[in-house]
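See below for work_19.cif, which holds mmCIF, C-alpha atoms.
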```cif
data_data
#
loop_
_atom_site.label_atom_id
_atom_site.label_comp_id
_atom_site.auth_asym_id
_atom_site.auth_seq_id
_atom_site.Cartn_x
_atom_site.Cartn_y
_atom_site.Cartn_z
CA MET A 1 4.98 -14.69 -8.86
CA LYS A 2 6.02 -13.04 -12.11
CA SER A 3 4.80 -14.75 -15.24
CA VAL A 4 7.01 -17.37 -16.86
CA LEU A 5 7.43 -15.24 -19.98
CA SER A 6 8.25 -11.58 -20.21
CA GLU A 7 5.89 -9.91 -22.65
CA ARG A 8 8.95 -8.37 -24.32
CA LYS A 9 10.90 -11.59 -24.43
CA THR A 10 12.15 -12.77 -27.82
CA LEU A 11 11.24 -16.42 -27.94
CA GLN A 12 13.86 -19.00 -28.74
CA PRO A 13 13.83 -20.21 -32.38
CA GLN A 14 13.64 -23.91 -31.58
CA ASP A 15 11.47 -26.12 -33.72
CA LEU A 16 8.39 -28.09 -32.85
CA GLU A 17 7.82 -31.40 -34.56
CA ARG A 18 5.75 -30.99 -37.73
CA ARG A 19 3.50 -33.50 -39.45
CA GLU A 20 1.30 -33.19 -42.51
CA LEU A 21 -1.97 -34.89 -43.26
CA PRO A 22 -1.93 -36.19 -46.83
CA ALA A 23 -4.52 -34.36 -48.89
CA THR A 24 -6.61 -37.52 -49.25
CA ALA A 25 -6.59 -38.08 -45.48
CA GLY A 26 -7.60 -34.51 -44.71
CA ARG A 27 -10.48 -34.70 -47.16
CA ALA A 28 -11.55 -38.04 -45.69
CA VAL A 29 -11.92 -36.50 -42.23
CA ARG A 30 -14.06 -33.65 -43.54
CA GLU A 31 -16.19 -35.94 -45.70
CA LEU A 32 -16.79 -38.44 -42.88
CA ALA A 33 -17.84 -35.62 -40.54
CA ARG A 34 -20.26 -34.40 -43.22
CA GLU A 35 -21.75 -37.90 -43.54
CA ILE A 36 -22.15 -38.22 -39.78
CA SER A 37 -23.79 -34.80 -39.58
CA ALA A 38 -26.29 -35.78 -42.27
CA THR A 39 -27.04 -39.07 -40.52
CA LEU A 40 -27.66 -37.33 -37.20
CA ASP A 41 -29.87 -34.72 -38.84
CA ALA A 42 -31.97 -37.49 -40.34
CA THR A 43 -32.25 -39.65 -37.21
CA LEU A 44 -32.20 -37.38 -34.17
CA ALA A 45 -35.39 -35.82 -32.84
CA ASP A 46 -33.46 -32.70 -31.76
CA PRO A 47 -30.15 -32.27 -33.64
CA ALA A 48 -29.67 -28.79 -32.18
CA ALA A 49 -29.62 -30.17 -28.63
CA ALA A 50 -27.11 -32.83 -29.65
CA ALA A 51 -24.86 -30.15 -31.15
CA HIS A 52 -24.93 -28.11 -27.95
CA ARG A 53 -22.91 -30.50 -25.78
CA LEU A 54 -21.92 -33.25 -28.25
CA THR A 55 -22.56 -35.92 -25.62
CA ASP A 56 -25.77 -37.39 -27.07
CA PRO A 57 -25.36 -41.20 -27.22
CA ALA A 58 -26.07 -41.12 -30.95
CA VAL A 59 -23.18 -38.69 -31.52
CA ILE A 60 -20.83 -40.80 -29.41
CA ALA A 61 -21.88 -44.00 -31.17
CA GLN A 62 -21.29 -42.49 -34.61
CA ILE A 63 -17.83 -41.18 -33.70
CA ASP A 64 -16.87 -44.40 -31.93
CA ALA A 65 -18.00 -46.62 -34.80
CA ARG A 66 -16.80 -44.58 -37.74
CA ALA A 67 -13.45 -43.16 -36.59
CA ALA A 68 -11.95 -46.53 -37.55
CA GLU A 69 -12.93 -45.82 -41.17
CA LEU A 70 -10.41 -42.99 -41.40
CA PRO A 71 -7.16 -43.63 -43.28
CA ALA A 72 -4.28 -44.94 -41.18
CA GLU A 73 -2.42 -41.69 -41.93
CA VAL A 74 -4.86 -39.85 -39.68
CA ARG A 75 -4.12 -42.03 -36.66
CA HIS A 76 -0.41 -41.76 -37.40
CA ALA A 77 -0.58 -37.96 -37.51
CA MET A 78 -2.59 -37.82 -34.28
CA ARG A 79 -0.20 -39.87 -32.16
CA PRO A 80 1.37 -38.05 -29.16
CA PRO A 81 4.35 -35.74 -29.81
CA ALA A 82 7.44 -37.84 -30.50
CA THR A 83 10.22 -35.41 -29.57
CA ALA A 84 11.48 -33.76 -26.39
CA ALA A 85 9.67 -30.56 -27.41
CA GLY A 86 6.40 -32.02 -26.12
CA GLY A 87 4.41 -30.40 -28.93
CA THR A 88 3.55 -31.18 -32.55
CA ILE A 89 1.93 -29.16 -35.31
CA VAL A 90 -0.27 -31.14 -37.69
CA SER A 91 -1.08 -29.28 -40.89
CA ARG A 92 -3.18 -29.53 -44.06
CA LEU A 93 -6.59 -30.16 -42.60
CA PRO A 94 -8.67 -28.60 -45.37
CA LEU A 95 -10.72 -25.56 -44.39
CA SER A 96 -11.05 -21.94 -45.41
CA ASP A 97 -11.06 -18.87 -43.20
CA ASN A 98 -14.53 -17.76 -44.25
CA GLU A 99 -16.50 -21.02 -44.14
CA PHE A 100 -17.48 -20.69 -40.45
CA GLY A 101 -18.75 -17.12 -40.47
CA PRO A 102 -17.55 -14.43 -38.06
CA THR A 103 -15.64 -15.23 -34.89
CA PRO A 104 -18.26 -15.49 -32.13
CA PRO A 105 -18.09 -13.02 -29.23
CA SER A 106 -17.95 -15.79 -26.60
CA TRP A 107 -17.79 -19.54 -26.23
CA ARG A 108 -21.50 -19.55 -25.36
CA GLU A 109 -22.38 -18.00 -28.71
CA ALA A 110 -20.06 -20.43 -30.49
CA ALA A 111 -21.86 -23.38 -28.87
CA ARG A 112 -25.24 -21.88 -29.72
CA TRP A 113 -24.23 -21.44 -33.37
CA SER A 114 -23.43 -25.16 -33.61
CA GLY A 115 -27.07 -25.88 -32.89
CA ASP A 116 -28.58 -23.00 -34.87
CA PRO A 117 -30.08 -24.25 -38.19
CA ALA A 118 -28.83 -21.09 -39.90
CA THR A 119 -25.19 -21.61 -38.94
CA ARG A 120 -24.77 -25.23 -37.86
CA ALA A 121 -23.97 -26.76 -41.25
CA HIS A 122 -20.27 -25.98 -41.01
CA SER A 123 -19.88 -25.31 -37.28
CA PHE A 124 -21.36 -28.60 -36.06
CA GLU A 125 -19.60 -30.46 -38.84
CA PHE A 126 -16.23 -29.16 -37.69
CA ASP A 127 -17.01 -30.13 -34.10
CA LEU A 128 -17.45 -33.65 -35.46
CA VAL A 129 -14.10 -33.31 -37.25
CA MET A 130 -12.53 -32.47 -33.89
CA LEU A 131 -14.09 -35.51 -32.24
CA LEU A 132 -13.01 -37.81 -35.07
CA LEU A 133 -9.43 -36.56 -34.80
CA ALA A 134 -9.41 -36.73 -31.01
CA ARG A 135 -10.90 -40.24 -31.07
CA SER A 136 -8.13 -41.26 -33.46
CA ALA A 137 -5.67 -40.19 -30.74
CA GLY A 138 -7.44 -41.47 -27.62
CA GLU A 139 -10.55 -40.71 -25.55
CA PRO A 140 -11.96 -37.18 -25.80
CA PHE A 141 -13.48 -35.82 -22.60
CA GLY A 142 -14.80 -32.61 -21.12
CA TRP A 143 -15.46 -31.00 -17.76
CA GLN A 144 -18.95 -30.79 -16.31
CA GLY A 145 -18.50 -27.16 -15.31
CA GLN A 146 -16.48 -26.03 -18.34
CA GLN A 147 -18.40 -24.61 -21.30
CA ASP A 148 -21.54 -26.44 -20.17
CA GLY A 149 -19.81 -29.82 -20.29
CA ARG A 150 -19.10 -29.55 -24.02
CA LEU A 151 -16.57 -32.00 -25.47
CA VAL A 152 -15.25 -29.45 -27.99
CA ASN A 153 -14.43 -26.06 -26.47
CA ASN A 154 -14.27 -22.78 -28.35
CA ILE A 155 -11.41 -20.40 -27.49
CA VAL A 156 -12.21 -16.82 -28.48
CA PRO A 157 -11.45 -13.44 -26.88
CA ALA A 158 -14.36 -12.01 -24.88
CA ALA A 159 -14.94 -8.31 -24.19
CA GLY A 160 -14.43 -7.42 -20.54
CA HIS A 161 -11.98 -10.27 -19.88
CA GLU A 162 -8.91 -8.87 -21.63
CA HIS A 163 -6.64 -9.02 -18.57
CA GLU A 164 -7.70 -12.30 -16.97
CA GLN A 165 -5.69 -15.50 -16.81
CA SER A 166 -8.17 -17.37 -18.97
CA GLY A 167 -8.66 -18.42 -22.57
CA ALA A 168 -11.03 -15.46 -23.02
CA SER A 169 -8.26 -12.94 -22.35
CA SER A 170 -6.26 -11.08 -24.96
CA LYS A 171 -4.21 -8.10 -23.78
CA THR A 172 -2.40 -9.99 -21.05
CA LEU A 173 0.11 -12.79 -21.42
CA LEU A 174 -1.57 -16.12 -20.71
CA SER A 175 1.06 -17.67 -18.50
CA PRO A 176 2.35 -21.11 -19.51
CA HIS A 177 0.75 -23.88 -17.48
CA SER A 178 -0.17 -27.54 -17.51
CA GLU A 179 -3.81 -27.81 -18.54
CA ASP A 180 -5.92 -28.31 -15.39
CA ALA A 181 -2.74 -28.95 -13.42
CA PHE A 182 -4.68 -29.11 -10.15
CA HIS A 183 -6.61 -32.23 -11.16
CA PRO A 184 -5.53 -35.89 -11.17
CA ARG A 185 -7.72 -36.55 -14.25
CA ARG A 186 -6.24 -33.76 -16.37
CA ALA A 187 -5.68 -34.45 -20.06
CA HIS A 188 -2.71 -36.47 -21.25
CA LEU A 189 -2.94 -34.79 -24.66
CA LEU A 190 -4.35 -31.39 -25.54
CA MET A 191 -5.51 -30.64 -29.09
CA LEU A 192 -5.91 -27.07 -30.32
CA ALA A 193 -7.22 -26.50 -33.84
CA CYS A 194 -7.09 -23.15 -35.63
CA LEU A 195 -10.10 -21.86 -37.52
CA ARG A 196 -8.87 -18.27 -37.73
CA ASN A 197 -5.72 -16.39 -36.67
CA PRO A 198 -5.16 -13.37 -38.94
CA ASP A 199 -2.81 -11.66 -36.48
CA LEU A 200 -0.61 -14.76 -36.11
CA VAL A 201 -1.13 -14.81 -32.34
CA GLY A 202 1.35 -17.29 -30.92
CA THR A 203 0.61 -20.21 -28.62
CA THR A 204 3.66 -20.86 -26.44
CA VAL A 205 5.05 -24.32 -25.68
CA SER A 206 7.84 -25.09 -23.18
CA SER A 207 9.07 -28.61 -22.52
CA VAL A 208 10.40 -29.78 -19.18
CA ARG A 209 12.64 -32.22 -21.08
CA ARG A 210 14.60 -29.31 -22.51
CA VAL A 211 15.35 -27.55 -19.22
CA GLU A 212 18.63 -27.71 -17.34
CA LEU A 213 18.41 -28.10 -13.58
CA SER A 214 20.84 -29.35 -10.98
CA ALA A 215 20.27 -32.66 -9.22
CA ALA A 216 19.51 -30.74 -6.02
CA GLN A 217 16.92 -28.58 -7.75
CA ARG A 218 15.25 -31.61 -9.30
CA ALA A 219 15.14 -33.30 -5.90
CA LEU A 220 13.48 -30.27 -4.30
CA LEU A 221 10.90 -29.97 -7.06
CA SER A 222 10.17 -33.71 -6.95
CA ALA A 223 9.05 -33.57 -3.32
CA PRO A 224 5.32 -32.96 -2.69
CA THR A 225 5.67 -29.47 -1.22
CA LEU A 226 2.77 -27.26 -2.40
CA PRO A 227 -0.70 -27.78 -3.84
CA ILE A 228 -1.94 -26.40 -7.14
CA LEU A 229 -5.33 -24.76 -6.72
CA PRO A 230 -8.15 -24.58 -9.30
CA ASP A 231 -7.87 -21.55 -11.54
CA VAL A 232 -10.25 -18.60 -11.44
CA SER A 233 -12.51 -20.06 -14.10
CA TYR A 234 -13.69 -22.79 -11.72
CA GLY A 235 -15.49 -20.29 -9.51
CA ALA A 236 -15.76 -20.65 -5.73
CA GLY A 237 -16.10 -23.75 -3.61
CA HIS A 238 -12.70 -25.39 -3.84
CA GLU A 239 -12.01 -24.14 -0.29
CA ARG A 240 -14.23 -26.97 0.97
CA TYR A 241 -11.61 -29.50 -0.09
CA SER A 242 -8.20 -30.22 1.35
CA ALA A 243 -5.31 -28.82 -0.69
CA ALA A 244 -2.78 -31.65 -0.68
CA PRO A 245 0.82 -30.91 -1.70
CA ILE A 246 1.95 -32.50 -4.97
CA PRO A 247 5.34 -32.75 -6.71
CA THR A 248 6.13 -30.28 -9.47
CA LEU A 249 8.42 -32.78 -11.24
CA TRP A 250 8.61 -36.55 -11.28
CA SER A 251 10.38 -39.20 -13.30
CA VAL A 252 10.98 -42.92 -13.11
CA ALA A 253 13.89 -42.89 -15.56
CA GLY A 254 15.85 -39.64 -15.19
CA PRO A 255 15.63 -36.21 -16.89
CA ALA A 256 14.98 -37.67 -20.35
CA GLU A 257 11.62 -38.97 -19.06
CA GLN A 258 10.82 -35.97 -16.83
CA THR A 259 7.18 -34.95 -16.40
CA LEU A 260 5.59 -32.02 -14.59
CA ARG A 261 2.51 -30.34 -13.14
CA TYR A 262 3.00 -26.60 -13.33
CA ASP A 263 0.74 -23.58 -12.88
CA PRO A 264 2.58 -20.80 -11.00
CA ALA A 265 -0.42 -18.45 -10.96
CA TYR A 266 -2.31 -20.96 -8.78
CA THR A 267 0.56 -22.33 -6.69
CA PRO A 268 0.94 -20.67 -3.23
CA LEU A 269 4.72 -20.26 -3.48
CA GLU A 270 4.78 -17.92 -0.48
CA ASP A 271 4.10 -20.96 1.70
CA ALA A 272 7.33 -22.71 0.66
CA ASP A 273 10.81 -22.27 2.09
CA PRO A 274 13.45 -20.19 0.27
CA GLU A 275 15.23 -23.25 -1.15
CA PHE A 276 12.10 -24.56 -2.83
CA ARG A 277 11.16 -21.13 -4.15
CA ALA A 278 14.64 -20.72 -5.62
CA ALA A 279 14.39 -24.09 -7.39
CA TYR A 280 10.92 -23.23 -8.69
CA GLU A 281 12.20 -19.88 -9.96
CA GLN A 282 15.02 -21.63 -11.80
CA LEU A 283 12.50 -23.95 -13.42
CA THR A 284 10.54 -20.86 -14.46
CA VAL A 285 13.67 -19.31 -15.98
CA GLU A 286 14.45 -22.51 -17.85
CA LEU A 287 10.93 -22.88 -19.22
CA GLU A 288 11.25 -19.35 -20.55
CA ARG A 289 14.63 -20.14 -22.09
CA VAL A 290 13.33 -23.13 -24.05
CA CYS A 291 9.98 -21.61 -24.99
CA VAL A 292 8.81 -21.83 -28.61
CA THR A 293 5.75 -20.34 -30.28
CA ALA A 294 3.24 -21.83 -32.67
CA ALA A 295 1.40 -19.17 -34.66
CA LEU A 296 -1.25 -21.51 -36.01
CA ALA A 297 -2.86 -20.98 -39.40
CA PRO A 298 -6.36 -22.17 -40.36
CA GLY A 299 -6.29 -25.94 -40.78
CA GLU A 300 -3.37 -26.46 -38.40
CA LEU A 301 -3.58 -28.42 -35.14
CA LEU A 302 -1.30 -28.18 -32.14
CA LEU A 303 -0.91 -31.33 -30.05
CA VAL A 304 0.57 -30.72 -26.60
CA ASP A 305 1.74 -33.52 -24.33
CA ASN A 306 0.26 -32.22 -21.08
CA ASP A 307 2.66 -34.28 -18.98
CA VAL A 308 5.76 -32.93 -20.74
CA ALA A 309 5.04 -29.38 -21.90
CA VAL A 310 3.31 -26.28 -20.60
CA HIS A 311 1.47 -23.94 -22.95
CA GLY A 312 0.23 -20.37 -22.95
CA ARG A 313 -0.45 -17.48 -25.32
CA VAL A 314 1.21 -14.18 -26.17
CA PRO A 315 -0.79 -10.94 -25.75
CA PHE A 316 -2.79 -9.46 -28.60
CA THR A 317 -5.36 -6.74 -29.17
CA ALA A 318 -8.81 -8.11 -29.92
CA ARG A 319 -11.07 -6.20 -32.32
CA TYR A 320 -14.38 -7.92 -31.50
CA ASP A 321 -15.46 -7.44 -35.11
CA GLY A 322 -15.79 -11.09 -36.13
CA THR A 323 -12.20 -11.42 -37.37
CA ASP A 324 -10.39 -12.35 -34.14
CA ARG A 325 -8.47 -15.54 -33.38
CA TRP A 326 -10.70 -18.62 -33.02
CA LEU A 327 -9.43 -21.99 -31.80
CA LYS A 328 -11.19 -25.19 -30.86
CA ARG A 329 -9.87 -27.38 -28.04
CA VAL A 330 -10.33 -31.00 -26.99
CA ASN A 331 -8.94 -32.74 -23.92
CA ILE A 332 -7.79 -36.29 -24.66
CA ARG A 333 -7.08 -39.21 -22.37
CA LEU A 334 -4.54 -41.82 -23.47
CA PRO A 335 -5.74 -45.13 -21.94
CA GLU A 336 -2.30 -46.73 -22.20
CA ARG A 337 -0.61 -44.00 -20.18
CA ARG A 338 -0.39 -44.29 -16.41
CA ARG A 339 0.49 -41.54 -13.95
CA ARG A 340 1.77 -41.72 -10.39
CA ALA A 341 -0.33 -44.05 -8.24
CA GLU A 342 -0.51 -41.36 -5.55
CA GLU A 343 -2.71 -39.20 -7.78
CA ALA A 344 -5.59 -41.64 -7.26
CA ASP A 345 -5.93 -40.30 -3.70
CA GLU A 346 -6.43 -36.67 -4.76
CA ASN A 347 -9.89 -35.14 -4.37
CA GLY A 348 -9.83 -33.01 -7.53
CA TYR A 349 -11.45 -30.16 -5.55
CA GLY A 350 -14.85 -31.54 -6.51
CA GLN A 351 -14.38 -31.07 -10.25
CA HIS A 352 -15.58 -33.92 -12.48
CA ILE A 353 -15.02 -35.00 -16.05
CA VAL A 354 -17.51 -35.87 -18.78
CA ALA A 355 -16.20 -39.07 -20.35
CA PRO A 356 -18.80 -40.63 -22.66
CA PHE A 357 -16.23 -42.48 -24.75
CA ARG A 358 -15.04 -44.36 -21.68
CA ALA A 359 -18.65 -45.34 -21.02
CA ALA A 360 -19.00 -46.44 -24.64
CA GLY A 361 -16.01 -48.68 -24.14
CA ALA A 362 -17.43 -50.20 -20.95
CA LEU A 363 -14.80 -48.52 -18.81
CA PRO A 364 -15.52 -46.86 -15.46
CA VAL A 365 -16.05 -43.11 -15.47
CA GLU A 366 -13.35 -41.32 -13.50
CA SER A 367 -14.44 -38.58 -11.14
CA GLY A 368 -11.25 -37.90 -9.22
CA THR A 369 -12.97 -38.64 -5.92
CA GLY A 370 -14.15 -42.24 -6.23
CA GLU A 371 -17.75 -40.95 -6.30
CA ARG A 372 -20.23 -40.74 -9.14
CA ALA A 373 -19.74 -37.54 -11.11
CA VAL A 374 -22.16 -34.76 -10.22
CA PRO A 375 -22.62 -31.34 -11.80
CA HIS A 376 -20.47 -28.51 -10.52
CA ASP A 377 -20.77 -24.92 -11.66
CA ARG A 378 -17.35 -23.85 -12.74
CA GLY A 379 -18.21 -20.40 -14.05
CA PRO A 380 -18.20 -18.88 -17.52
CA LEU A 381 -14.53 -18.92 -18.46
CA GLU A 382 -11.82 -21.45 -19.16
CA HIS A 383 -8.11 -21.55 -18.44
CA ALA A 384 -6.52 -22.68 -21.68
#
```
Let me see the structure of the file written as structure tokens.
Amino acid sequence: MKSVLSERKTLQPQDLERRELPATAGRAVRELAREISATLDATLADPAAAAHRLTDPAVIAQIDARAAELPAEVRHAMRPPATAAGGTIVSRLPLSDNEFGPTPPSWREAARWSGDPATRAHSFEFDLVMLLLARSAGEPFGWQGQQDGRLVNNIVPAAGHEHEQSGASSKTLLSPHSEDAFHPRRAHLLMLACLRNPDLVGTTVSSVRRVELSAAQRALLSAPTLPILPDVSYGAGHERYSAAPIPTLWSVAGPAEQTLRYDPAYTPLEDADPEFRAAYEQLTVELERVCVTAALAPGELLLVDNDVAVHGRVPFTARYDGTDRWLKRVNIRLPERRRRAEEADENGYGQHIVAPFRAAGALPVESGTGERAVPHDRGPLEHA
């Protein structure tokens, strides 16, 4: 199926909700992360190993205990998007473009730099900033097979992957999608933070609550008709699991409360009848019509409600000279939010989450299958 957005399309000038961190609150986040980093350096036998995945119990305990020290303005800014746009830009987190060194050539290098004594002072500290902010919003989590199970992912262009549908691509349009749409334990809230974006590369956001569909189209898209398969970054092996059909749209209170699971690149639309395909195509057209872009600047965060909005990225030409776009990403679970009960029966294609904050709170770890989570090699890339 053709991508949701034409690469030549002029995006609609609708506004995303904007929030600002007061200067004192932004400084408080940075200063607290610096304190935690110093504490961990002084107490951990291997700080570099802790920085690699960020799941060391000492890291989790520090974030869990000290996030409550942050000013109330931080928690207020990090609440889920409050408008139908499904996305919010939070600005004024203090940082400078040059404090983190050059943009790494891959997420693997970025993770390694966080543990390298020569580079970790700022890199690891900002990973802690991300966890503090995410913990102020909900429960940060990762994927066992994604970026080595790291809780804070690095999104950078990688040479040789320019045309893939993954976060490492550049020259191709990254089609709008729900993050990890195939999985019942996908994030409720997605946080993207900008460290560097000199070319003003735009992240796209399209809200299902802004689309116009007929009652018949909504009914067709609300029926569980097709599955969504794991994206290419998960590697092989999902064929061992049954691909159950799921609804594209659902709502308990009408269009104003509409939610969606959407990833056309991994939805086998050829298996549906013409009526369903026509309704899906109209949804695609509408998501394009209401699309907005967020060209993030250093120190800006984009919060995306993953139940309401799809996101993607416009094409750009990477230079691979240390000056390219660099974002950090965290998946966040909102404990108070419940999804359809039917999702509990999905197998998740064997993919499992890393949820140390749930464990810290004495909550059961979700695996999507009812089994204990086990490692699964998802491959080197991420769909983001």
**Nearest to Leu334 of chain A, chosen from A:Ala187, A:Ala243, A:Leu269, A:Ala42, with only C-alpha atoms counted in the distances** =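 Under the stated criterion, the closest residue is A:Ala187.
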Spatial neighbours of segment 17-31 of chain A, max dist 10 Å, all atoms listed in the file, sep filter under 4 positions, as a tab-separated table (two decimals) with C-alpha atoms, in the frame of the given file:
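And here is the file that came out, out_19.tsv:
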```tsv
chain	number	residue	atom	x	y	z
A	35	GLU	CA	-21.75	-37.90	-43.54
A	36	ILE	CA	-22.15	-38.22	-39.78
A	37	SER	CA	-23.79	-34.80	-39.58
A	67	ALA	CA	-13.45	-43.16	-36.59
A	69	GLU	CA	-12.93	-45.82	-41.17
A	70	LEU	CA	-10.41	-42.99	-41.40
A	71	PRO	CA	-7.16	-43.63	-43.28
A	72	ALA	CA	-4.28	-44.94	-41.18
A	73	GLU	CA	-2.42	-41.69	-41.93
A	74	VAL	CA	-4.86	-39.85	-39.68
A	75	ARG	CA	-4.12	-42.03	-36.66
A	76	HIS	CA	-0.41	-41.76	-37.40
A	77	ALA	CA	-0.58	-37.96	-37.51
A	78	MET	CA	-2.59	-37.82	-34.28
A	81	PRO	CA	4.35	-35.74	-29.81
A	82	ALA	CA	7.44	-37.84	-30.50
A	83	THR	CA	10.22	-35.41	-29.57
A	84	ALA	CA	11.48	-33.76	-26.39
A	85	ALA	CA	9.67	-30.56	-27.41
A	86	GLY	CA	6.40	-32.02	-26.12
A	87	GLY	CA	4.41	-30.40	-28.93
A	88	THR	CA	3.55	-31.18	-32.55
A	89	ILE	CA	1.93	-29.16	-35.31
A	90	VAL	CA	-0.27	-31.14	-37.69
A	91	SER	CA	-1.08	-29.28	-40.89
A	92	ARG	CA	-3.18	-29.53	-44.06
A	93	LEU	CA	-6.59	-30.16	-42.60
A	94	PRO	CA	-8.67	-28.60	-45.37
A	95	LEU	CA	-10.72	-25.56	-44.39
A	125	GLU	CA	-19.60	-30.46	-38.84
A	126	PHE	CA	-16.23	-29.16	-37.69
A	128	LEU	CA	-17.45	-33.65	-35.46
A	129	VAL	CA	-14.10	-33.31	-37.25
A	130	MET	CA	-12.53	-32.47	-33.89
A	132	LEU	CA	-13.01	-37.81	-35.07
A	133	LEU	CA	-9.43	-36.56	-34.80
A	299	GLY	CA	-6.29	-25.94	-40.78
A	300	GLU	CA	-3.37	-26.46	-38.40
A	301	LEU	CA	-3.58	-28.42	-35.14
A	302	LEU	CA	-1.30	-28.18	-32.14
A	303	LEU	CA	-0.91	-31.33	-30.05
```
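Proximity to Ser233 of chain A was assessed for A:Ser169, A:Asn98, A:Thr43, A:Ser114 counting all atoms listed in the file; the smallest distance is recorded for A:Ser169.
The residue that comes closest to Leu189 of chain A, out of A:Gly202, A:Gly237, A:Pro157, A:Gly138 and on the basis of only C-alpha atoms, is A:Gly138.
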Any idea what's packed within 9 Å of segment 308-313 of chain A, counting only C-alpha atoms, ignoring anything in its chain fewer than 6 positions away? Could you give it as a short mmCIF file (atom, residue, chain, number, x, y, z; two decimals) with C-alpha atoms, keeping the file's coordinate frame?
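Wrote part-v9.cif, looks like this:
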```cif
data_model
loop_
_atom_site.label_atom_id
_atom_site.label_comp_id
_atom_site.auth_asym_id
_atom_site.auth_seq_id
_atom_site.Cartn_x
_atom_site.Cartn_y
_atom_site.Cartn_z
CA ALA A 84 11.48 -33.76 -26.39
CA ALA A 85 9.67 -30.56 -27.41
CA GLY A 86 6.40 -32.02 -26.12
CA GLY A 87 4.41 -30.40 -28.93
CA GLY A 167 -8.66 -18.42 -22.57
CA SER A 170 -6.26 -11.08 -24.96
CA THR A 172 -2.40 -9.99 -21.05
CA LEU A 173 0.11 -12.79 -21.42
CA LEU A 174 -1.57 -16.12 -20.71
CA SER A 175 1.06 -17.67 -18.50
CA PRO A 176 2.35 -21.11 -19.51
CA HIS A 177 0.75 -23.88 -17.48
CA SER A 178 -0.17 -27.54 -17.51
CA GLU A 179 -3.81 -27.81 -18.54
CA VAL A 201 -1.13 -14.81 -32.34
CA GLY A 202 1.35 -17.29 -30.92
CA THR A 203 0.61 -20.21 -28.62
CA THR A 204 3.66 -20.86 -26.44
CA VAL A 205 5.05 -24.32 -25.68
CA SER A 206 7.84 -25.09 -23.18
CA SER A 207 9.07 -28.61 -22.52
CA VAL A 208 10.40 -29.78 -19.18
CA ARG A 209 12.64 -32.22 -21.08
CA GLU A 257 11.62 -38.97 -19.06
CA GLN A 258 10.82 -35.97 -16.83
CA THR A 259 7.18 -34.95 -16.40
CA LEU A 260 5.59 -32.02 -14.59
CA ARG A 261 2.51 -30.34 -13.14
CA TYR A 262 3.00 -26.60 -13.33
CA ASP A 263 0.74 -23.58 -12.88
CA LEU A 287 10.93 -22.88 -19.22
CA THR A 293 5.75 -20.34 -30.28
CA ALA A 384 -6.52 -22.68 -21.68
#
```
**Message:** Which residues would end up in the selection if the PyMOL selection byres ((chain A and resi 106-113) around 12) were applied here, given that I need the answer as JSON, numbers by chain?
**Reply:** {"A": [48, 49, 50, 51, 52, 53, 54, 100, 101, 102, 103, 104, 105, 114, 115, 116, 117, 118, 119, 120, 121, 122, 123, 124, 125, 126, 127, 146, 147, 148, 149, 150, 151, 152, 153, 154, 155, 156, 157, 158, 159, 160, 161, 167, 168, 169, 320, 322, 324, 325, 326, 327, 328, 329, 379, 380, 381, 382]}
**Message:** Restricting the calculation to only C-alpha atoms: of A:Asp199, A:Glu164, A:Glu99, A:Tyr280, which residue gets closest to Ala318 of chain A?
**Reply:** A:Asp199
**Item:** Separation of atom CA of Ala193 of chain A from atom CA of Arg358 of chain A in Å
**Value:**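 Atom CA of Arg358 of chain A sits 23.0 Å away from atom CA of Ala193 of chain A.
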Report, as JSON, the axis-aligned box around all atoms of segment 179-186 of chain A present in the file, extended by 5 Å on each side; give centre and edge lengths in Å to one decimal place.
```
{"center_x": -5.2, "center_y": -32.2, "center_z": -14.3, "size_x": 15.0, "size_y": 18.7, "size_z": 18.4}
```
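With all atoms listed in the file as the atoms that count, the minimum distance from Thr323 of chain A to the choices A:Asp97, A:Asp46, A:Asp56, A:Asp231 is reached by A:Asp97.
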**Message:** Rounded to one decimal, what separation in Å do you get between atom CA of Pro47 of chain A and atom CA of Val59 of chain A?
**Reply:** 9.7 Å
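Atom pair atom CA of Leu213 of chain A / atom CA of Pro274 of chain A has a distance of 16.7 Å (rounded to one decimal).
The result of the PyMOL selection byres ((chain A and resi 348) around 8) on the shown file is Phe182, His183, Pro184, Arg185, Glu346, Asn347, Tyr349, Gly350, Gln351, His352, Gly368 and Thr369 of chain A.
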**Message:** When the PyMOL selection byres ((chain A and resi 317) around 9) is applied to the structure above, which residues does it catch, written out as a list in words?
**Reply:**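 Going through the file, the PyMOL selection byres ((chain A and resi 317) around 9) ends up selecting Glu162, Ser170, Lys171, Pro315, Phe316, Ala318 and Arg319 of chain A.
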**Request:** Rank nothing, just name the residue among A:Ala278, A:Val354, A:Ala341, A:Val304 nearest to Ala216 of chain A, using all atoms listed in the file.
**Result:**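 The shortest atom-to-atom distance to Ala216 of chain A comes from A:Ala278.
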